[in-house]
file structure_31.cif (mmCIF, C-alpha atoms)
data_work
loop_
_atom_site.group_PDB
_atom_site.id
_atom_site.type_symbol
_atom_site.label_atom_id
_atom_site.label_comp_id
_atom_site.auth_asym_id
_atom_site.auth_seq_id
_atom_site.Cartn_x
_atom_site.Cartn_y
_atom_site.Cartn_z
ATOM 1 C CA MET A 1 34.486 -43.658 13.478
ATOM 2 C CA MET A 2 33.737 -41.515 16.562
ATOM 3 C CA CYS A 3 30.876 -42.786 18.737
ATOM 4 C CA ILE A 4 28.651 -40.372 20.653
ATOM 5 C CA HIS A 5 26.872 -41.758 23.682
ATOM 6 C CA SER A 6 23.238 -40.848 24.372
ATOM 7 C CA GLY A 7 24.203 -38.533 27.226
ATOM 8 C CA GLU A 8 26.665 -36.678 25.022
ATOM 9 C CA ALA A 9 24.071 -36.429 22.253
ATOM 10 C CA MET A 10 21.607 -34.883 24.707
ATOM 11 C CA VAL A 11 24.198 -32.305 25.756
ATOM 12 C CA LEU A 12 24.910 -31.453 22.120
ATOM 13 C CA ARG A 13 21.225 -31.064 21.327
ATOM 14 C CA ARG A 14 20.674 -28.821 24.339
ATOM 15 C CA ALA A 15 23.708 -26.724 23.440
ATOM 16 C CA ALA A 16 22.469 -26.383 19.863
ATOM 17 C CA ARG A 17 19.013 -25.256 21.022
ATOM 18 C CA TRP A 18 20.570 -22.799 23.474
ATOM 19 C CA ALA A 19 22.716 -21.316 20.713
ATOM 20 C CA ALA A 20 19.812 -21.192 18.262
ATOM 21 C CA GLY A 21 17.659 -19.289 20.741
ATOM 22 C CA ALA A 22 20.408 -16.793 21.482
ATOM 23 C CA MET A 23 21.136 -16.271 17.785
ATOM 24 C CA ALA A 24 17.458 -15.813 16.956
ATOM 25 C CA ALA A 25 17.118 -13.201 19.699
ATOM 26 C CA VAL A 26 20.132 -11.270 18.371
ATOM 27 C CA CYS A 27 18.760 -11.467 14.832
ATOM 28 C CA MET A 28 15.430 -10.034 16.024
ATOM 29 C CA VAL A 29 17.228 -7.037 17.465
ATOM 30 C CA LEU A 30 19.093 -6.484 14.201
ATOM 31 C CA LEU A 31 15.864 -6.756 12.205
ATOM 32 C CA LEU A 32 13.612 -4.738 14.503
ATOM 33 C CA GLY A 33 16.125 -2.226 15.809
ATOM 34 C CA PRO A 34 14.716 0.190 18.415
ATOM 35 C CA SER A 35 11.247 -1.359 18.087
ATOM 36 C CA ALA A 36 12.419 -4.698 19.498
ATOM 37 C CA PRO A 37 11.046 -5.469 22.970
ATOM 38 C CA SER A 38 13.425 -4.678 25.804
ATOM 39 C CA GLY A 39 13.637 -8.353 26.788
ATOM 40 C CA VAL A 40 15.098 -9.344 23.407
ATOM 41 C CA GLY A 41 18.717 -9.112 22.443
ATOM 42 C CA PRO A 42 22.139 -9.563 24.034
ATOM 43 C CA LEU A 43 20.629 -9.034 27.509
ATOM 44 C CA ALA A 44 17.921 -11.643 26.949
ATOM 45 C CA ARG A 45 18.520 -14.898 28.775
ATOM 46 C CA PRO A 46 18.733 -17.926 26.471
ATOM 47 C CA LEU A 47 17.134 -21.093 27.731
ATOM 48 C CA PRO A 48 18.795 -22.530 30.821
ATOM 49 C CA PHE A 49 20.924 -25.599 30.303
ATOM 50 C CA ASP A 50 18.346 -27.882 31.957
ATOM 51 C CA ALA A 51 15.544 -26.773 29.623
ATOM 52 C CA ALA A 52 13.465 -29.385 27.829
ATOM 53 C CA GLU A 53 14.882 -30.246 24.414
ATOM 54 C CA GLU A 54 11.480 -30.192 22.741
ATOM 55 C CA VAL A 55 7.811 -30.405 23.690
ATOM 56 C CA VAL A 56 7.387 -32.980 26.468
ATOM 57 C CA PRO A 57 4.380 -35.097 25.404
ATOM 58 C CA ASP A 58 3.150 -35.987 28.912
ATOM 59 C CA ARG A 59 3.750 -32.589 30.541
ATOM 60 C CA VAL A 60 0.990 -30.083 31.365
ATOM 61 C CA GLY A 61 1.225 -26.664 32.954
ATOM 62 C CA THR A 62 -0.725 -23.678 34.228
ATOM 63 C CA TRP A 63 0.252 -20.020 34.576
ATOM 64 C CA ASN A 64 -1.524 -16.761 35.362
ATOM 65 C CA ILE A 65 0.598 -14.451 33.199
ATOM 66 C CA CYS A 66 -0.761 -11.041 34.212
ATOM 67 C CA ASN A 67 0.528 -8.692 36.908
ATOM 68 C CA PRO A 68 2.632 -7.131 35.692
ATOM 69 C CA CYS A 69 0.332 -6.778 32.698
ATOM 70 C CA GLY A 70 1.440 -5.398 29.353
ATOM 71 C CA GLY A 71 4.834 -3.739 29.245
ATOM 72 C CA SER A 72 7.588 -4.011 26.678
ATOM 73 C CA GLY A 73 9.529 -7.268 26.596
ATOM 74 C CA LEU A 74 7.356 -9.228 29.013
ATOM 75 C CA ASN A 75 5.999 -11.584 26.372
ATOM 76 C CA PHE A 76 9.457 -12.594 25.216
ATOM 77 C CA GLY A 77 10.306 -13.447 28.824
ATOM 78 C CA ARG A 78 7.057 -15.382 29.188
ATOM 79 C CA ALA A 79 7.796 -17.312 26.020
ATOM 80 C CA THR A 80 11.226 -18.182 27.406
ATOM 81 C CA GLU A 81 9.665 -19.506 30.611
ATOM 82 C CA ILE A 82 7.208 -21.668 28.661
ATOM 83 C CA ALA A 83 9.934 -22.893 26.304
ATOM 84 C CA THR A 84 12.065 -23.926 29.278
ATOM 85 C CA ALA A 85 9.347 -26.306 30.464
ATOM 86 C CA ALA A 86 7.997 -27.017 26.930
ATOM 87 C CA PRO A 87 4.741 -28.634 28.107
ATOM 88 C CA GLN A 88 2.461 -30.472 25.721
ATOM 89 C CA VAL A 89 -0.423 -28.379 27.072
ATOM 90 C CA ILE A 90 -0.437 -25.208 29.138
ATOM 91 C CA GLY A 91 -3.380 -23.168 30.411
ATOM 92 C CA LEU A 92 -2.894 -19.400 30.664
ATOM 93 C CA GLN A 93 -5.092 -17.140 32.767
ATOM 94 C CA GLU A 94 -5.574 -13.345 32.650
ATOM 95 C CA ALA A 95 -4.451 -13.624 29.061
ATOM 96 C CA CYS A 96 -4.949 -10.933 26.426
ATOM 97 C CA VAL A 97 -5.307 -12.379 22.942
ATOM 98 C CA ARG A 98 -2.601 -10.044 21.602
ATOM 99 C CA ASP A 99 -0.169 -11.142 24.308
ATOM 100 C CA VAL A 100 -0.806 -14.826 23.639
ATOM 101 C CA GLU A 101 -0.284 -14.355 19.899
ATOM 102 C CA GLU A 102 3.031 -12.630 20.568
ATOM 103 C CA ILE A 103 4.083 -15.388 22.979
ATOM 104 C CA ARG A 104 3.220 -18.040 20.379
ATOM 105 C CA ALA A 105 5.242 -16.187 17.743
ATOM 106 C CA TYR A 106 8.307 -16.096 20.006
ATOM 107 C CA LEU A 107 7.874 -19.768 20.903
ATOM 108 C CA GLU A 108 7.913 -20.727 17.229
ATOM 109 C CA ASP A 109 10.341 -18.191 15.750
ATOM 110 C CA VAL A 110 12.918 -18.198 18.543
ATOM 111 C CA TYR A 111 12.573 -21.633 20.121
ATOM 112 C CA GLY A 112 11.056 -23.748 17.362
ATOM 113 C CA LEU A 113 8.030 -24.783 19.452
ATOM 114 C CA VAL A 114 4.736 -24.753 17.551
ATOM 115 C CA TYR A 115 1.583 -24.446 19.653
ATOM 116 C CA ARG A 116 -2.040 -24.294 18.633
ATOM 117 C CA VAL A 117 -4.339 -22.057 20.672
ATOM 118 C CA GLU A 118 -7.940 -21.861 21.840
ATOM 119 C CA TYR A 119 -9.377 -18.866 23.677
ATOM 120 C CA GLY A 120 -11.962 -18.516 26.404
ATOM 121 C CA THR A 121 -12.499 -14.762 26.271
ATOM 122 C CA VAL A 122 -14.796 -13.474 29.024
ATOM 123 C CA LEU A 123 -14.518 -9.749 28.377
ATOM 124 C CA ARG A 124 -13.154 -7.150 25.977
ATOM 125 C CA ASN A 125 -11.265 -4.418 27.735
ATOM 126 C CA TRP A 126 -9.324 -1.592 26.112
ATOM 127 C CA ASN A 127 -7.470 -0.640 29.319
ATOM 128 C CA ARG A 128 -6.287 -4.210 29.878
ATOM 129 C CA CYS A 129 -5.623 -5.458 26.386
ATOM 130 C CA GLY A 130 -5.396 -2.441 24.094
ATOM 131 C CA GLY A 131 -7.013 -2.323 20.696
ATOM 132 C CA LEU A 132 -9.371 0.268 19.273
ATOM 133 C CA PRO A 133 -11.920 1.916 21.573
ATOM 134 C CA TRP A 134 -14.720 0.329 19.567
ATOM 135 C CA TRP A 135 -12.940 -3.041 19.298
ATOM 136 C CA PRO A 136 -10.952 -3.675 22.507
ATOM 137 C CA GLY A 137 -8.768 -6.716 22.991
ATOM 138 C CA GLY A 138 -10.097 -10.018 24.292
ATOM 139 C CA PHE A 139 -9.227 -11.085 27.854
ATOM 140 C CA GLY A 140 -9.691 -14.386 29.684
ATOM 141 C CA GLN A 141 -8.274 -17.899 29.387
ATOM 142 C CA ALA A 142 -6.156 -19.522 26.683
ATOM 143 C CA ILE A 143 -4.966 -23.089 26.156
ATOM 144 C CA LEU A 144 -1.802 -23.789 24.165
ATOM 145 C CA SER A 145 -1.416 -27.339 22.898
ATOM 146 C CA ALA A 146 1.179 -28.947 20.668
ATOM 147 C CA ALA A 147 -1.526 -31.339 19.419
ATOM 148 C CA PRO A 148 -4.795 -30.366 17.733
ATOM 149 C CA MET A 149 -7.722 -29.461 19.980
ATOM 150 C CA THR A 150 -11.366 -30.334 19.410
ATOM 151 C CA ASP A 151 -14.763 -29.854 21.068
ATOM 152 C CA ARG A 152 -13.929 -26.408 22.418
ATOM 153 C CA VAL A 153 -16.377 -25.069 25.022
ATOM 154 C CA SER A 154 -16.090 -21.624 26.593
ATOM 155 C CA VAL A 155 -18.372 -20.879 29.553
ATOM 156 C CA GLU A 156 -18.765 -17.633 31.446
ATOM 157 C CA TYR A 157 -19.807 -18.158 35.054
ATOM 158 C CA PRO A 158 -23.253 -16.738 35.934
ATOM 159 C CA ASP A 159 -21.611 -14.645 38.667
ATOM 160 C CA GLY A 160 -18.047 -13.545 38.034
ATOM 161 C CA GLY A 161 -17.728 -11.475 41.166
ATOM 162 C CA SER A 162 -15.901 -8.178 40.682
ATOM 163 C CA GLU A 163 -14.828 -9.189 37.160
ATOM 164 C CA ASP A 164 -16.159 -11.585 34.539
ATOM 165 C CA ARG A 165 -14.705 -15.079 34.941
ATOM 166 C CA GLY A 166 -15.204 -18.441 33.240
ATOM 167 C CA TYR A 167 -13.648 -21.687 32.048
ATOM 168 C CA LEU A 168 -12.399 -23.039 28.734
ATOM 169 C CA ALA A 169 -12.430 -26.758 27.875
ATOM 170 C CA VAL A 170 -10.969 -28.720 24.963
ATOM 171 C CA THR A 171 -10.157 -32.309 24.084
ATOM 172 C CA THR A 172 -6.563 -32.944 23.051
ATOM 173 C CA LEU A 173 -3.730 -35.457 23.361
ATOM 174 C CA VAL A 174 -1.481 -35.649 26.406
ATOM 175 C CA GLY A 175 1.046 -38.461 26.510
ATOM 176 C CA GLY A 176 -0.488 -39.773 23.280
ATOM 177 C CA ARG A 177 -3.949 -40.265 24.831
ATOM 178 C CA PRO A 178 -7.054 -38.098 24.468
ATOM 179 C CA VAL A 179 -8.101 -36.189 27.559
ATOM 180 C CA ARG A 180 -10.509 -33.394 28.447
ATOM 181 C CA VAL A 181 -8.575 -30.302 29.554
ATOM 182 C CA PHE A 182 -10.183 -27.467 31.520
ATOM 183 C CA ASN A 183 -8.668 -24.066 32.208
ATOM 184 C CA THR A 184 -10.285 -21.647 34.647
ATOM 185 C CA HIS A 185 -9.794 -18.479 36.658
ATOM 186 C CA LEU A 186 -12.056 -18.027 39.681
ATOM 187 C CA ALA A 187 -13.220 -14.858 41.417
ATOM 188 C CA GLN A 188 -10.813 -12.758 43.433
ATOM 189 C CA ARG A 189 -9.512 -13.943 46.775
ATOM 190 C CA ARG A 190 -12.016 -12.185 49.069
ATOM 191 C CA GLN A 191 -15.019 -13.530 47.155
ATOM 192 C CA GLY A 192 -15.317 -17.057 48.531
ATOM 193 C CA GLU A 193 -19.082 -17.309 48.130
ATOM 194 C CA VAL A 194 -18.819 -16.366 44.472
ATOM 195 C CA ARG A 195 -16.063 -18.929 43.937
ATOM 196 C CA ALA A 196 -18.262 -21.589 45.541
ATOM 197 C CA GLY A 197 -20.877 -21.031 42.860
ATOM 198 C CA GLN A 198 -18.236 -21.093 40.142
ATOM 199 C CA VAL A 199 -16.721 -24.341 41.418
ATOM 200 C CA GLY A 200 -20.193 -25.888 41.377
ATOM 201 C CA VAL A 201 -20.573 -25.066 37.682
ATOM 202 C CA LEU A 202 -17.074 -26.319 36.838
ATOM 203 C CA ALA A 203 -17.207 -29.498 38.944
ATOM 204 C CA ALA A 204 -20.507 -30.567 37.396
ATOM 205 C CA GLU A 205 -18.888 -30.542 33.960
ATOM 206 C CA VAL A 206 -15.630 -32.176 35.093
ATOM 207 C CA ALA A 207 -17.620 -35.011 36.700
ATOM 208 C CA ARG A 208 -18.904 -36.023 33.260
ATOM 209 C CA HIS A 209 -15.421 -37.191 32.238
ATOM 210 C CA ASP A 210 -13.491 -40.218 33.472
ATOM 211 C CA ARG A 211 -10.179 -38.628 32.453
ATOM 212 C CA ALA A 212 -9.762 -34.904 32.905
ATOM 213 C CA ILE A 213 -7.099 -32.314 33.663
ATOM 214 C CA VAL A 214 -8.252 -29.121 35.395
ATOM 215 C CA LEU A 215 -5.782 -26.251 35.230
ATOM 216 C CA GLY A 216 -6.110 -22.800 36.653
ATOM 217 C CA ASP A 217 -5.863 -19.998 39.145
ATOM 218 C CA PHE A 218 -8.509 -20.801 41.758
ATOM 219 C CA ASN A 219 -7.689 -17.768 43.936
ATOM 220 C CA ALA A 220 -8.075 -19.937 47.043
ATOM 221 C CA VAL A 221 -5.816 -21.876 49.377
ATOM 222 C CA PRO A 222 -6.237 -25.678 49.435
ATOM 223 C CA HIS A 223 -8.382 -25.859 52.579
ATOM 224 C CA ALA A 224 -10.805 -23.147 51.428
ATOM 225 C CA PRO A 225 -14.296 -24.688 51.713
ATOM 226 C CA GLU A 226 -15.336 -23.656 48.197
ATOM 227 C CA LEU A 227 -12.727 -26.014 46.695
ATOM 228 C CA GLY A 228 -14.348 -29.050 48.327
ATOM 229 C CA PRO A 229 -16.213 -30.219 45.189
ATOM 230 C CA MET A 230 -12.981 -30.154 43.159
ATOM 231 C CA TRP A 231 -11.048 -32.134 45.753
ATOM 232 C CA ALA A 232 -13.871 -34.689 45.806
ATOM 233 C CA LEU A 233 -13.415 -35.259 42.082
ATOM 234 C CA ALA A 234 -9.655 -35.093 41.639
ATOM 235 C CA PRO A 235 -6.435 -34.663 43.646
ATOM 236 C CA ASP A 236 -3.978 -31.894 42.906
ATOM 237 C CA THR A 237 -0.668 -32.880 41.335
ATOM 238 C CA ASP A 238 1.338 -31.539 44.307
ATOM 239 C CA PRO A 239 2.060 -34.849 46.104
ATOM 240 C CA GLY A 240 1.926 -33.555 49.668
ATOM 241 C CA CYS A 241 -0.845 -31.028 49.195
ATOM 242 C CA ARG A 242 -4.248 -31.962 50.610
ATOM 243 C CA PRO A 243 -7.517 -30.111 51.393
ATOM 244 C CA SER A 244 -6.915 -29.608 55.094
ATOM 245 C CA ALA A 245 -5.177 -26.961 57.120
ATOM 246 C CA ALA A 246 -2.439 -29.450 57.993
ATOM 247 C CA GLY A 247 -2.163 -30.674 54.411
ATOM 248 C CA ALA A 248 -1.924 -27.123 53.138
ATOM 249 C CA ASP A 249 1.322 -26.682 55.069
ATOM 250 C CA ALA A 250 2.920 -29.174 52.671
ATOM 251 C CA CYS A 251 1.730 -27.351 49.535
ATOM 252 C CA THR A 252 4.304 -25.621 47.379
ATOM 253 C CA SER A 253 3.538 -21.916 47.061
ATOM 254 C CA THR A 254 2.581 -20.762 43.565
ATOM 255 C CA THR A 255 2.481 -16.986 44.173
ATOM 256 C CA ASP A 256 4.784 -14.173 45.227
ATOM 257 C CA TRP A 257 2.788 -13.846 48.474
ATOM 258 C CA ASN A 258 3.577 -17.451 49.496
ATOM 259 C CA SER A 259 0.135 -18.955 48.897
ATOM 260 C CA LYS A 260 -0.947 -21.843 46.733
ATOM 261 C CA PHE A 261 -3.618 -20.499 44.378
ATOM 262 C CA ASP A 262 -2.742 -22.463 41.221
ATOM 263 C CA TYR A 263 -3.691 -26.101 40.669
ATOM 264 C CA VAL A 264 -3.463 -29.039 38.298
ATOM 265 C CA PHE A 265 -6.322 -31.305 39.361
ATOM 266 C CA LEU A 266 -6.120 -34.778 37.791
ATOM 267 C CA ARG A 267 -9.138 -37.046 37.361
ATOM 268 C CA GLY A 268 -8.353 -40.629 36.352
ATOM 269 C CA ILE A 269 -4.700 -39.712 35.725
ATOM 270 C CA THR A 270 -1.603 -40.286 37.867
ATOM 271 C CA PRO A 271 1.141 -37.654 38.178
ATOM 272 C CA ARG A 272 4.861 -38.461 38.127
ATOM 273 C CA THR A 273 6.523 -35.145 38.887
ATOM 274 C CA HIS A 274 5.574 -31.674 40.069
ATOM 275 C CA ARG A 275 7.533 -28.456 39.665
ATOM 276 C CA VAL A 276 6.877 -24.784 40.384
ATOM 277 C CA ARG A 277 9.066 -22.214 38.622
ATOM 278 C CA PRO A 278 9.069 -18.661 40.074
ATOM 279 C CA SER A 279 9.248 -16.017 37.371
ATOM 280 C CA PRO A 280 9.864 -12.250 37.182
ATOM 281 C CA TYR A 281 7.169 -12.013 34.492
ATOM 282 C CA SER A 282 4.153 -12.580 36.750
ATOM 283 C CA ASP A 283 3.219 -12.609 40.424
ATOM 284 C CA HIS A 284 2.122 -16.227 39.896
ATOM 285 C CA HIS A 285 4.616 -19.036 39.276
ATOM 286 C CA LEU A 286 4.526 -21.389 36.320
ATOM 287 C CA LEU A 287 3.458 -24.821 37.570
ATOM 288 C CA HIS A 288 4.031 -27.921 35.464
ATOM 289 C CA THR A 289 3.683 -31.643 36.020
ATOM 290 C CA ASP A 290 4.619 -34.793 34.131
ATOM 291 C CA LEU A 291 1.931 -37.465 34.016
ATOM 292 C CA ALA A 292 2.219 -41.246 34.187
ATOM 293 C CA ARG A 293 2.776 -42.662 30.747
ATOM 294 C CA ALA A 294 0.365 -45.139 29.183
ATOM 295 C CA GLY A 295 1.115 -48.566 30.538
ATOM 296 C CA GLY A 296 3.300 -47.093 33.247
#
call {"tool": "encode", "arguments": {"input": "structure_31.cif", "output": "structure tokens"}}
result
Amino acid sequence: MMCIHSGEAMVLRRAARWAAGAMAAVCMVLLLGPSAPSGVGPLARPLPFDAAEEVVPDRVGTWNICNPCGGSGLNFGRATEIATAAPQVIGLQEACVRDVEEIRAYLEDVYGLVYRVEYGTVLRNWNRCGGLPWWPGGFGQAILSAAPMTDRVSVEYPDGGSEDRGYLAVTTLVGGRPVRVFNTHLAQRRQGEVRAGQVGVLAAEVARHDRAIVLGDFNAVPHAPELGPMWALAPDTDPGCRPSAAGADACTSTTDWNSKFDYVFLRGITPRTHRVRPSPYSDHHLLHTDLARAGG
């Protein structure tokens, strides 16, 4: 009888998932023909060889998926990026409901990853998200979770700045343990005073929980004064990144313009790893982190 070692089994499983994704993409082209998104088909990149084999139960991520916004084929590429990391939970910002639904469909149909979703819509905008003029698409935050989510709360900040902004919060399982997960998008980069007010609203709610994960695009560098209340509650997962000008030099950039704007703040939870994945499908990079396992 032939014995297969664990390392060989892992290679076989990864190869099988790679082949399945490629075959599913080709099949979609055959089924959809010219209507298939431009990112799908023989030119689509299957998952890289180091992709996660399945959802990683103690991994969380955050990604601002817009800019470029819309466009044919982008959502297939975004789904591929998420499937590569396969986090248990990921917070998406600047997310149109239609885009998220398409991403979820690709994740399940092409990569076999089933995610539940909760939305924190802050505005309905036809120019951004399509839809009918009298029923435009929803725009805001979304949380994808492989486990069920409960106690959803969606809050719009009293002052959004130049565009409505807010946060979404749910309770779900990460690493087999319940945790409160927040996902937010703060006001644009030149609106520090507005962000300060928004952080005050968010931090007051985060402080109510002993264990919390705060994901999002904060539109501010680590030593920006308005982030002070968040740093007082929870460190960011980037191990060398701290809320000082000197500490900011050690922060891994999360944007195409070489700034750290995206964070995974952890309250009562210890990180193990931290990774930032640049992507052609957004001007922000997908950030994901693995958390310390229970008892570890």
call {"tool": "residues_near_point", "arguments": {"input": "structure_31.cif", "point": "(-7.4, -22.9, 42.7)", "cutoff": "7 Å", "atoms": "only C-alpha atoms", "output": "count of residues only"}}
result
9
call {"tool": "resolve_selection", "arguments": {"input": "structure_31.cif", "expression": "the PyMOL selection byres ((chain A and resi 88) around 12)", "output": "ChimeraX atom specification"}}
result
/A:52,54-62,82-83,85-87,89-91,113-117,143-149,172-177,181,288-291
call {"tool": "write_last_selection", "arguments": {"input": "structure_31.cif", "atoms": "C-alpha atoms", "output": "CSV table (one decimal), keeping the file's coordinate frame"}}
result
chain,number,residue,atom,x,y,z
A,52,ALA,CA,13.5,-29.4,27.8
A,54,GLU,CA,11.5,-30.2,22.7
A,55,VAL,CA,7.8,-30.4,23.7
A,56,VAL,CA,7.4,-33.0,26.5
A,57,PRO,CA,4.4,-35.1,25.4
A,58,ASP,CA,3.2,-36.0,28.9
A,59,ARG,CA,3.8,-32.6,30.5
A,60,VAL,CA,1.0,-30.1,31.4
A,61,GLY,CA,1.2,-26.7,33.0
A,62,THR,CA,-0.7,-23.7,34.2
A,82,ILE,CA,7.2,-21.7,28.7
A,83,ALA,CA,9.9,-22.9,26.3
A,85,ALA,CA,9.3,-26.3,30.5
A,86,ALA,CA,8.0,-27.0,26.9
A,87,PRO,CA,4.7,-28.6,28.1
A,89,VAL,CA,-0.4,-28.4,27.1
A,90,ILE,CA,-0.4,-25.2,29.1
A,91,GLY,CA,-3.4,-23.2,30.4
A,113,LEU,CA,8.0,-24.8,19.5
A,114,VAL,CA,4.7,-24.8,17.6
A,115,TYR,CA,1.6,-24.4,19.7
A,116,ARG,CA,-2.0,-24.3,18.6
A,117,VAL,CA,-4.3,-22.1,20.7
A,143,ILE,CA,-5.0,-23.1,26.2
A,144,LEU,CA,-1.8,-23.8,24.2
A,145,SER,CA,-1.4,-27.3,22.9
A,146,ALA,CA,1.2,-28.9,20.7
A,147,ALA,CA,-1.5,-31.3,19.4
A,148,PRO,CA,-4.8,-30.4,17.7
A,149,MET,CA,-7.7,-29.5,20.0
A,172,THR,CA,-6.6,-32.9,23.1
A,173,LEU,CA,-3.7,-35.5,23.4
A,174,VAL,CA,-1.5,-35.6,26.4
A,175,GLY,CA,1.0,-38.5,26.5
A,176,GLY,CA,-0.5,-39.8,23.3
A,177,ARG,CA,-3.9,-40.3,24.8
A,181,VAL,CA,-8.6,-30.3,29.6
A,288,HIS,CA,4.0,-27.9,35.5
A,289,THR,CA,3.7,-31.6,36.0
A,290,ASP,CA,4.6,-34.8,34.1
A,291,LEU,CA,1.9,-37.5,34.0
call {"tool": "closest_residue", "arguments": {"input": "structure_31.cif", "among": "A:Gly131, A:Val179, A:Tyr106, A:Glu205", "to": "Val155 in chain A", "atoms": "all atoms listed in the file"}}
result
A:Glu205
call {"tool": "atom_distance", "arguments": {"input": "structure_31.cif", "atom1": "CA of Leu74 in chain A", "atom2": "CA of Val153 in chain A"}}
result
28.8 Å
call {"tool": "residues_around", "arguments": {"input": "structure_31.cif", "residues": "Leu233 in chain A", "least_positions_apart": "5", "cutoff": "9 Å", "atoms": "all atoms listed in the file", "output": "VMD selection string"}}
result
chain A and resid 203 206 to 207 228 265 to 267
call {"tool": "atom_distance", "arguments": {"input": "structure_31.cif", "atom1": "CA of Tyr157 in chain A", "atom2": "CA of Trp134 in chain A"}}
result
24.6 Å
call {"tool": "atom_distance", "arguments": {"input": "structure_31.cif", "atom1": "CA of His284 in chain A", "atom2": "CA of Asn67 in chain A"}}
result
8.3 Å
call {"tool": "closest_atom_pairs", "arguments": {"input": "structure_31.cif", "of": "range 76-140 of chain A", "to": "range 277-282 of chain A", "cutoff": "9 Å", "atoms": "only C-alpha atoms", "output": "Markdown table"}}
result
| residue | atom | partner | partner_atom | distance |
| --- | --- | --- | --- | --- |
| A:Gly77 | CA | A:Tyr281 | CA | 6.6 |
| A:Arg78 | CA | A:Tyr281 | CA | 6.3 |
| A:Glu81 | CA | A:Ser279 | CA | 7.6 |
call {"tool": "resolve_selection", "arguments": {"input": "structure_31.cif", "expression": "the PyMOL selection byres ((chain A and resi 239) around 9)", "output": "MDAnalysis selection string"}}
result
chainID A and resid 235:238 240:242 250:251 271 273:274
call {"tool": "write_last_selection", "arguments": {"input": "structure_31.cif", "atoms": "C-alpha atoms", "output": "compact mmCIF listing (two decimals), in the coordinates of the input"}}
result
# COMPACT_ATOMS: atom_id res chain seq x y z
CA PRO A 235 -6.44 -34.66 43.65
CA ASP A 236 -3.98 -31.89 42.91
CA THR A 237 -0.67 -32.88 41.34
CA ASP A 238 1.34 -31.54 44.31
CA GLY A 240 1.93 -33.56 49.67
CA CYS A 241 -0.84 -31.03 49.20
CA ARG A 242 -4.25 -31.96 50.61
CA ALA A 250 2.92 -29.17 52.67
CA CYS A 251 1.73 -27.35 49.54
CA PRO A 271 1.14 -37.65 38.18
CA THR A 273 6.52 -35.15 38.89
CA HIS A 274 5.57 -31.67 40.07
call {"tool": "resolve_selection", "arguments": {"input": "structure_31.cif", "expression": "the PyMOL selection byres ((chain A and resi 123) around 12)", "output": "PDB file with C-alpha atoms, in the coordinates of the input"}}
result
ATOM      1  CA  GLU A  94      -5.574 -13.345  32.650  1.00  0.00           C
ATOM      2  CA  ALA A  95      -4.451 -13.624  29.061  1.00  0.00           C
ATOM      3  CA  CYS A  96      -4.949 -10.933  26.426  1.00  0.00           C
ATOM      4  CA  VAL A  97      -5.307 -12.379  22.942  1.00  0.00           C
ATOM      5  CA  TYR A 119      -9.377 -18.866  23.677  1.00  0.00           C
ATOM      6  CA  GLY A 120     -11.962 -18.516  26.404  1.00  0.00           C
ATOM      7  CA  THR A 121     -12.499 -14.762  26.271  1.00  0.00           C
ATOM      8  CA  VAL A 122     -14.796 -13.474  29.024  1.00  0.00           C
ATOM      9  CA  ARG A 124     -13.154  -7.150  25.977  1.00  0.00           C
ATOM     10  CA  ASN A 125     -11.265  -4.418  27.735  1.00  0.00           C
ATOM     11  CA  TRP A 126      -9.324  -1.592  26.112  1.00  0.00           C
ATOM     12  CA  ASN A 127      -7.470  -0.640  29.319  1.00  0.00           C
ATOM     13  CA  ARG A 128      -6.287  -4.210  29.878  1.00  0.00           C
ATOM     14  CA  CYS A 129      -5.623  -5.458  26.386  1.00  0.00           C
ATOM     15  CA  TRP A 135     -12.940  -3.041  19.298  1.00  0.00           C
ATOM     16  CA  PRO A 136     -10.952  -3.675  22.507  1.00  0.00           C
ATOM     17  CA  GLY A 137      -8.768  -6.716  22.991  1.00  0.00           C
ATOM     18  CA  GLY A 138     -10.097 -10.018  24.292  1.00  0.00           C
ATOM     19  CA  PHE A 139      -9.227 -11.085  27.854  1.00  0.00           C
ATOM     20  CA  GLY A 140      -9.691 -14.386  29.684  1.00  0.00           C
ATOM     21  CA  GLN A 141      -8.274 -17.899  29.387  1.00  0.00           C
ATOM     22  CA  VAL A 155     -18.372 -20.879  29.553  1.00  0.00           C
ATOM     23  CA  GLU A 156     -18.765 -17.633  31.446  1.00  0.00           C
ATOM     24  CA  TYR A 157     -19.807 -18.158  35.054  1.00  0.00           C
ATOM     25  CA  GLY A 160     -18.047 -13.545  38.034  1.00  0.00           C
ATOM     26  CA  GLU A 163     -14.828  -9.189  37.160  1.00  0.00           C
ATOM     27  CA  ASP A 164     -16.159 -11.585  34.539  1.00  0.00           C
ATOM     28  CA  ARG A 165     -14.705 -15.079  34.941  1.00  0.00           C
ATOM     29  CA  GLY A 166     -15.204 -18.441  33.240  1.00  0.00           C
TER      30      GLY A 166
END
call {"tool": "axis_aligned_box", "arguments": {"input": "structure_31.cif", "around": "range 250-255 of chain A", "padding_each_side": "6 Å", "output": "AutoDock Vina command-line options"}}
result
--center_x 3.0 --center_y -23.1 --center_z 48.1 --size_x 14.6 --size_y 24.2 --size_z 21.1
call {"tool": "closest_residue", "arguments": {"input": "structure_31.cif", "among": "A:Cys69, A:Ala245, A:Leu107, A:Leu286", "to": "Pro222 in chain A", "atoms": "all atoms listed in the file"}}
result
A:Ala245
call {"tool": "residues_around", "arguments": {"input": "structure_31.cif", "residues": "Gly161 in chain A", "least_positions_apart": "2", "cutoff": "10 Å", "atoms": "only C-alpha atoms", "output": "short mmCIF file (atom, residue, chain, number, x, y, z; two decimals) with C-alpha atoms, in the coordinates of the input"}}
result
data_model
loop_
_atom_site.label_atom_id
_atom_site.label_comp_id
_atom_site.auth_asym_id
_atom_site.auth_seq_id
_atom_site.Cartn_x
_atom_site.Cartn_y
_atom_site.Cartn_z
CA TYR A 157 -19.81 -18.16 35.05
CA PRO A 158 -23.25 -16.74 35.93
CA ASP A 159 -21.61 -14.64 38.67
CA GLU A 163 -14.83 -9.19 37.16
CA ASP A 164 -16.16 -11.58 34.54
CA ARG A 165 -14.70 -15.08 34.94
CA LEU A 186 -12.06 -18.03 39.68
CA ALA A 187 -13.22 -14.86 41.42
CA GLN A 188 -10.81 -12.76 43.43
CA ARG A 190 -12.02 -12.18 49.07
CA GLN A 191 -15.02 -13.53 47.16
CA GLY A 192 -15.32 -17.06 48.53
CA GLU A 193 -19.08 -17.31 48.13
CA VAL A 194 -18.82 -16.37 44.47
CA ARG A 195 -16.06 -18.93 43.94
CA GLN A 198 -18.24 -21.09 40.14
#
